>>> print(open('run.txt').read())   # compact mmCIF, C-alpha atoms
# COMPACT_ATOMS: atom_id res chain seq x y z
CA MET A 19 126.63 81.03 112.61
CA GLU A 20 124.37 84.06 112.26
CA TYR A 21 122.12 84.91 109.35
CA GLU A 22 120.74 88.33 108.50
CA VAL A 23 117.65 88.48 106.32
CA LYS A 24 118.52 91.01 103.63
CA LEU A 25 114.90 91.75 102.79
CA GLU A 26 113.89 94.85 100.90
CA ILE A 27 111.06 95.60 103.31
CA PHE A 28 108.52 97.76 101.55
CA GLU A 29 106.59 98.32 104.76
CA GLY A 30 107.79 101.16 106.96
CA PRO A 31 107.13 102.28 110.54
CA LEU A 32 103.83 103.93 109.61
CA ASP A 33 102.66 100.64 108.08
CA LEU A 34 103.48 98.91 111.35
CA LEU A 35 101.56 101.55 113.32
CA LEU A 36 98.52 101.18 111.06
CA HIS A 37 98.79 97.41 111.43
CA LEU A 38 98.70 97.78 115.23
CA ILE A 39 95.80 100.25 115.11
CA HIS A 40 93.81 97.81 112.96
CA LYS A 41 94.84 94.85 115.11
CA ASN A 42 93.72 96.60 118.31
CA GLU A 43 90.56 97.91 116.61
CA VAL A 44 91.10 101.47 117.84
CA ASP A 45 90.37 104.84 116.28
CA ILE A 46 93.30 106.78 114.88
CA PHE A 47 92.24 109.76 117.03
CA ASP A 48 92.03 107.64 120.17
CA ILE A 49 95.27 105.64 120.09
CA PRO A 50 96.19 103.98 123.41
CA ILE A 51 99.77 105.21 123.17
CA ALA A 52 101.17 103.06 125.99
CA THR A 53 99.75 99.84 124.49
CA ILE A 54 100.73 100.70 120.91
CA THR A 55 104.25 101.73 121.96
CA ASP A 56 104.81 98.50 123.89
CA GLN A 57 103.52 96.39 120.98
CA TYR A 58 105.60 98.35 118.46
CA LEU A 59 108.74 97.70 120.50
CA GLU A 60 107.83 93.99 120.67
CA TYR A 61 107.80 93.84 116.85
CA ILE A 62 111.18 95.58 116.74
CA ASP A 63 112.56 93.08 119.27
CA MET A 64 111.19 90.18 117.22
CA MET A 65 112.77 91.50 114.02
CA LYS A 66 116.07 91.86 115.86
CA ALA A 67 115.75 88.31 117.25
CA LEU A 68 115.20 87.03 113.71
CA ASN A 69 118.16 89.07 112.45
CA ILE A 70 115.90 90.90 110.01
CA ASN A 71 117.64 94.02 108.74
CA ILE A 72 115.79 96.95 110.33
CA ALA A 73 115.74 100.33 108.60
CA ALA A 74 116.75 103.32 110.71
CA ASP A 75 113.32 104.95 110.44
CA PHE A 76 111.81 102.09 112.46
CA LEU A 77 114.13 103.01 115.33
CA VAL A 78 113.38 106.72 114.92
CA MET A 79 109.66 105.95 115.24
CA ALA A 80 110.34 103.82 118.32
CA SER A 81 112.06 106.83 119.88
CA THR A 82 109.17 109.11 118.88
CA LEU A 83 106.58 106.76 120.38
CA THR A 84 108.53 106.45 123.62
CA HIS A 85 108.82 110.26 123.80
CA ILE A 86 105.09 110.76 123.23
CA LYS A 87 104.28 108.06 125.78
CA SER A 88 106.43 109.78 128.42
CA LYS A 89 104.86 113.20 127.68
CA MET A 90 101.35 111.73 127.95
CA LEU A 91 102.21 110.50 131.45
CA LEU A 92 103.22 113.98 132.64
CA PRO A 93 100.72 115.81 134.90
CA GLY A 94 99.01 118.95 133.61
CA LEU A 95 99.23 117.86 129.98
CA LYS A 96 95.73 119.05 129.18
CA ASP A 97 96.75 122.69 129.54
CA ASP A 98 95.12 124.45 126.58
CA GLU A 99 98.36 126.30 125.84
CA GLU A 100 100.30 123.08 125.30
CA GLU A 101 99.95 121.23 122.01
CA ASP A 102 98.66 117.68 122.20
CA PRO A 103 101.73 115.44 121.66
CA MET A 104 99.54 112.95 119.81
CA VAL A 105 99.37 115.39 116.88
CA GLU A 106 102.97 114.43 116.21
CA LEU A 107 101.68 110.92 115.50
CA THR A 108 98.17 111.32 114.08
CA GLN A 109 99.06 113.93 111.45
CA PRO A 110 101.65 111.83 109.56
CA LEU A 111 99.42 108.77 109.95
CA LEU A 112 96.46 110.57 108.35
CA GLU A 113 98.63 111.85 105.50
CA TYR A 114 100.07 108.39 104.94
CA MET A 115 96.61 106.79 104.98
CA GLN A 116 95.48 109.20 102.25
CA PHE A 117 98.57 108.35 100.23
CA ARG A 118 97.98 104.60 100.62
CA GLU A 119 94.31 104.87 99.70
CA ALA A 120 95.21 106.78 96.54
CA ALA A 121 97.86 104.19 95.64
CA GLU A 122 95.48 101.30 96.31
CA GLY A 123 92.84 103.00 94.16
CA LEU A 124 95.27 103.11 91.25
CA SER A 125 96.22 99.47 91.78
CA GLU A 126 92.57 98.38 91.84
CA ARG A 127 91.89 100.32 88.63
CA GLU A 128 94.82 98.58 86.94
CA LEU A 129 93.49 95.22 88.13
CA LEU A 130 90.02 95.98 86.79
CA GLU A 131 91.46 97.01 83.44
CA ARG A 132 93.35 93.71 83.29
CA ASP A 133 90.19 91.80 84.25
CA VAL A 134 91.89 89.93 87.09
CA PHE A 135 90.20 91.60 90.05
CA ILE A 136 88.40 88.36 90.92
CA ARG A 137 88.66 86.12 93.96
CA ARG A 138 90.14 82.85 92.80
CA SER A 139 90.91 79.44 94.21
CA PRO A 140 94.56 78.58 95.03
CA VAL A 141 94.83 76.58 91.81
CA ASP A 142 93.46 79.51 89.77
CA MET A 143 95.82 81.84 91.61
CA GLN A 144 98.76 79.61 90.71
CA ASP A 145 97.92 79.93 87.02
CA GLN A 146 97.29 83.66 87.35
CA LEU A 147 100.55 84.40 89.16
CA LYS A 148 102.84 82.36 86.91
CA GLY A 149 105.41 84.56 85.28
CA GLU A 150 104.16 87.75 86.96
CA GLU A 151 105.95 89.79 89.57
CA SER A 152 105.06 88.41 92.98
CA PRO A 153 104.01 91.11 95.45
CA LEU A 154 103.92 90.24 99.12
CA ASP A 155 100.14 90.57 99.39
CA VAL A 156 100.47 89.60 103.05
CA THR A 157 102.65 92.09 104.92
CA LEU A 158 105.74 91.19 106.89
CA PHE A 159 103.89 92.07 110.09
CA GLN A 160 101.03 89.69 109.27
CA LEU A 161 103.56 86.93 108.63
CA MET A 162 105.25 87.70 111.94
CA ASP A 163 101.85 87.49 113.69
CA ALA A 164 101.11 84.14 112.05
CA PHE A 165 104.55 82.79 112.95
CA LYS A 166 104.21 83.95 116.55
CA ARG A 167 100.85 82.14 116.82
CA ILE A 168 102.42 78.91 115.56
CA ILE A 169 105.27 79.16 118.10
CA GLU A 170 102.84 79.88 120.95
CA GLN A 171 100.76 76.86 119.92
CA GLU A 172 103.56 74.37 119.21
CA LEU A 173 106.30 75.53 121.60
CA PRO A 174 104.69 77.66 124.33
CA GLY A 175 107.22 79.74 126.23
CA ALA A 176 109.98 79.27 123.66
CA LYS A 177 112.23 82.27 122.99
CA ILE A 178 112.57 83.21 119.34
CA GLU A 179 116.23 83.33 118.33
CA VAL A 180 118.37 82.30 115.38
CA HIS A 181 120.72 79.32 115.66
CA LEU A 182 121.74 77.74 112.37
CA GLU A 183 122.93 74.35 113.51
CA LYS A 184 121.46 71.31 111.82
CA TRP A 185 119.45 73.20 109.19
CA THR A 186 120.41 75.89 106.71
CA ILE A 187 118.23 78.51 105.05
CA ASN A 188 118.88 76.90 101.66
CA ASP A 189 117.87 73.46 102.97
CA LYS A 190 114.54 74.81 104.17
CA MET A 191 113.99 76.81 100.98
CA GLU A 192 114.42 73.62 98.97
CA ALA A 193 112.09 71.72 101.31
CA ILE A 194 109.37 74.37 100.99
CA MET A 195 109.66 74.47 97.19
CA THR A 196 109.56 70.67 97.03
CA HIS A 197 106.38 70.66 99.14
CA LEU A 198 104.80 73.30 96.88
CA LYS A 199 105.82 71.40 93.75
CA GLU A 200 104.13 68.26 95.09
CA HIS A 201 100.96 69.96 96.32
CA GLY A 202 100.63 72.98 94.03
CA ALA A 203 99.97 75.29 97.00
CA ALA A 204 100.14 75.24 100.78
CA PHE A 205 98.75 76.95 103.83
CA PHE A 206 101.26 78.91 105.92
CA HIS A 207 101.13 76.52 108.88
CA GLU A 208 101.74 73.45 106.70
CA VAL A 209 105.37 74.34 105.94
CA PHE A 210 106.12 74.06 109.67
CA SER A 211 104.43 70.66 110.12
CA LYS A 212 107.69 68.69 110.41
CA ASP A 213 109.55 71.20 112.59
CA ARG A 214 110.30 70.17 116.15
CA THR A 215 112.60 72.75 117.75
CA ILE A 216 112.52 76.54 117.97
CA SER A 217 115.66 76.71 115.82
CA GLU A 218 114.01 74.69 113.07
CA PHE A 219 110.81 76.79 113.21
CA VAL A 220 112.86 79.98 112.93
CA VAL A 221 114.98 78.73 110.02
CA THR A 222 111.82 77.64 108.17
CA PHE A 223 110.30 81.09 108.70
CA LEU A 224 113.46 82.83 107.45
CA ALA A 225 113.49 80.54 104.41
CA LEU A 226 109.87 81.47 103.69
CA LEU A 227 110.72 85.18 103.92
CA GLU A 228 113.69 84.70 101.59
CA LEU A 229 111.55 82.84 99.04
CA ALA A 230 108.99 85.65 99.12
CA HIS A 231 111.74 88.26 98.80
CA GLN A 232 113.21 86.49 95.76
CA GLY A 233 109.77 86.21 94.15
CA LEU A 234 109.87 82.41 94.19
CA ILE A 235 106.56 82.21 96.06
CA ALA A 236 103.47 84.40 96.19
CA VAL A 237 102.01 84.96 99.66
CA PHE A 238 98.37 85.96 99.93
CA GLN A 239 95.29 85.81 102.13
CA PRO A 240 91.91 85.46 100.37
CA THR A 241 90.05 87.11 103.28
CA HIS A 242 91.06 88.81 106.52
CA THR A 243 90.02 85.76 108.55
CA SER A 244 91.35 82.98 106.31
CA ASP A 245 94.71 81.27 106.57
CA ILE A 246 97.70 82.65 104.70
CA GLN A 247 98.41 80.69 101.52
CA LEU A 248 101.59 80.12 99.51
CA ILE A 249 101.77 79.65 95.75
CA PRO A 250 105.01 78.64 93.95
CA GLN A 251 106.39 80.73 91.11
CA PHE A 252 108.37 78.03 89.35
CA ASP A 253 109.02 80.19 86.29
CA LYS A 254 110.90 82.63 88.54
CA ALA A 255 112.59 79.82 90.41
CA GLY A 256 114.30 78.91 87.17
CA GLU A 257 112.96 75.38 87.55
CA ASP A 258 115.15 73.26 85.35
CA GLY A 259 113.17 70.07 85.64
CA ASP A 260 112.42 70.05 81.91
CA ASP A 261 116.03 70.83 81.03
CA ASN A 262 117.32 67.94 83.09
CA ARG A 263 115.06 65.40 81.50
>>> encode(input="run.txt", output="structure tokens")
Amino acid sequence: MEYEVKLEIFEGPLDLLLHLIHKNEVDIFDIPIATITDQYLEYIDMMKALNINIAADFLVMASTLTHIKSKMLLPGLKDDEEEDPMVELTQPLLEYMQFREAAEGLSERELLERDVFIRRSPVDMQDQLKGEESPLDVTLFQLMDAFKRIIEQELPGAKIEVHLEKWTINDKMEAIMTHLKEHGAAFFHEVFSKDRTISEFVVTFLALLELAHQGLIAVFQPTHTSDIQLIPQFDKAGEDGDDNR
């Protein structure tokens, strides 16, 4: 049985490129196109392996990167009469960065006006996020990175693929929410602590993505170097514990 994650992915191909540029700590005007292209295609392959619905513009960008990479390998490219093929990439990236910075500036101003632009503990965050819309503060690509690290650590050499055999997405969603109800919050790696096979790891990850997509959990990272944390949104989950009592 196959499962396709019907996520409304707010990140696009330019977000993935900026993620890779930041991850590789390179300048936007000095992008190692071969490395970035290969890594970009690896993310696409991983999304396909997880049956995550991929928007067409991700594939268009993959084609663009491959085209630029091939042109950069051609001899005599530095002819002054020929336009640098990297302009095709850097120009939209710069424009998108300006757009994102403007959007983030507006978001920060709204947070300041609401007096919630404060670093809080997980418990404080749980209270703060209750009843509010749950943005995916951690991007899909950061979650994929974290998941890949767990697989490499726990099951080195395992191939990521979806096989729904013993476990279902709903089973794992319930298990994650039960864990969060008992503990109030959890680190990303903790929800995989009982998993033993690649299939189980993958189903748990898909369940986590589905919970985030439905707004049943908030996913955030206090600092760039800290572990990803999960906070339940029981009001959105329609928790009927009180009704059943």
>>> closest_residue(input="run.txt", among="A:Leu83, A:Ile168, A:Ile235, A:Leu91", to="Thr55 of chain A", atoms="only C-alpha atoms")
A:Leu83
>>> atom_distance(input="run.txt", atom1="atom CA of Met104 of chain A", atom2="atom CA of Ile62 of chain A")
21.1 Å
>>> residues_near_point(input="run.txt", point="(112.5, 74.3, 119.9)", cutoff="10 Å", atoms="all atoms listed in the file", output="count of residues only")
17
>>> residues_around(input="run.txt", residues="segment 38-52 of chain A", least_positions_apart="3", cutoff="7 Å", atoms="only C-alpha atoms", output="ChimeraX atom specification")
/A:34-35,55-56,87,108
>>> write_last_selection(input="run.txt", atoms="C-alpha atoms", output="CSV table (one decimal), in the coordinates of the input")
chain,number,residue,atom,x,y,z
A,34,LEU,CA,103.5,98.9,111.4
A,35,LEU,CA,101.6,101.6,113.3
A,55,THR,CA,104.2,101.7,122.0
A,56,ASP,CA,104.8,98.5,123.9
A,87,LYS,CA,104.3,108.1,125.8
A,108,THR,CA,98.2,111.3,114.1
>>> atom_distance(input="run.txt", atom1="atom CA of His231 of chain A", atom2="atom CA of Tyr58 of chain A")
22.9 Å
>>> closest_residue(input="run.txt", among="A:Met115, A:Leu198, A:Ala80, A:Leu161", to="Gln57 of chain A", atoms="all atoms listed in the file")
A:Ala80
>>> atom_distance(input="run.txt", atom1="atom CA of Met64 of chain A", atom2="atom CA of Glu106 of chain A")
25.6 Å
>>> closest_residue(input="run.txt", among="A:Lys184, A:Ile246, A:Gly202, A:Ile54", to="Leu158 of chain A", atoms="only C-alpha atoms")
A:Ile246
>>> closest_residue(input="run.txt", among="A:Lys212, A:Lys199, A:His85, A:His207", to="Gln251 of chain A", atoms="only C-alpha atoms")
A:Lys199
>>> closest_residue(input="run.txt", among="A:Phe223, A:Tyr61, A:Phe252, A:Tyr114", to="Ile187 of chain A", atoms="only C-alpha atoms")
A:Phe223
>>> residues_around(input="run.txt", residues="Pro31 of chain A", least_positions_apart="6", cutoff="7 Å", atoms="only C-alpha atoms", output="PyMOL selection string")
chain A and resi 75-76+79
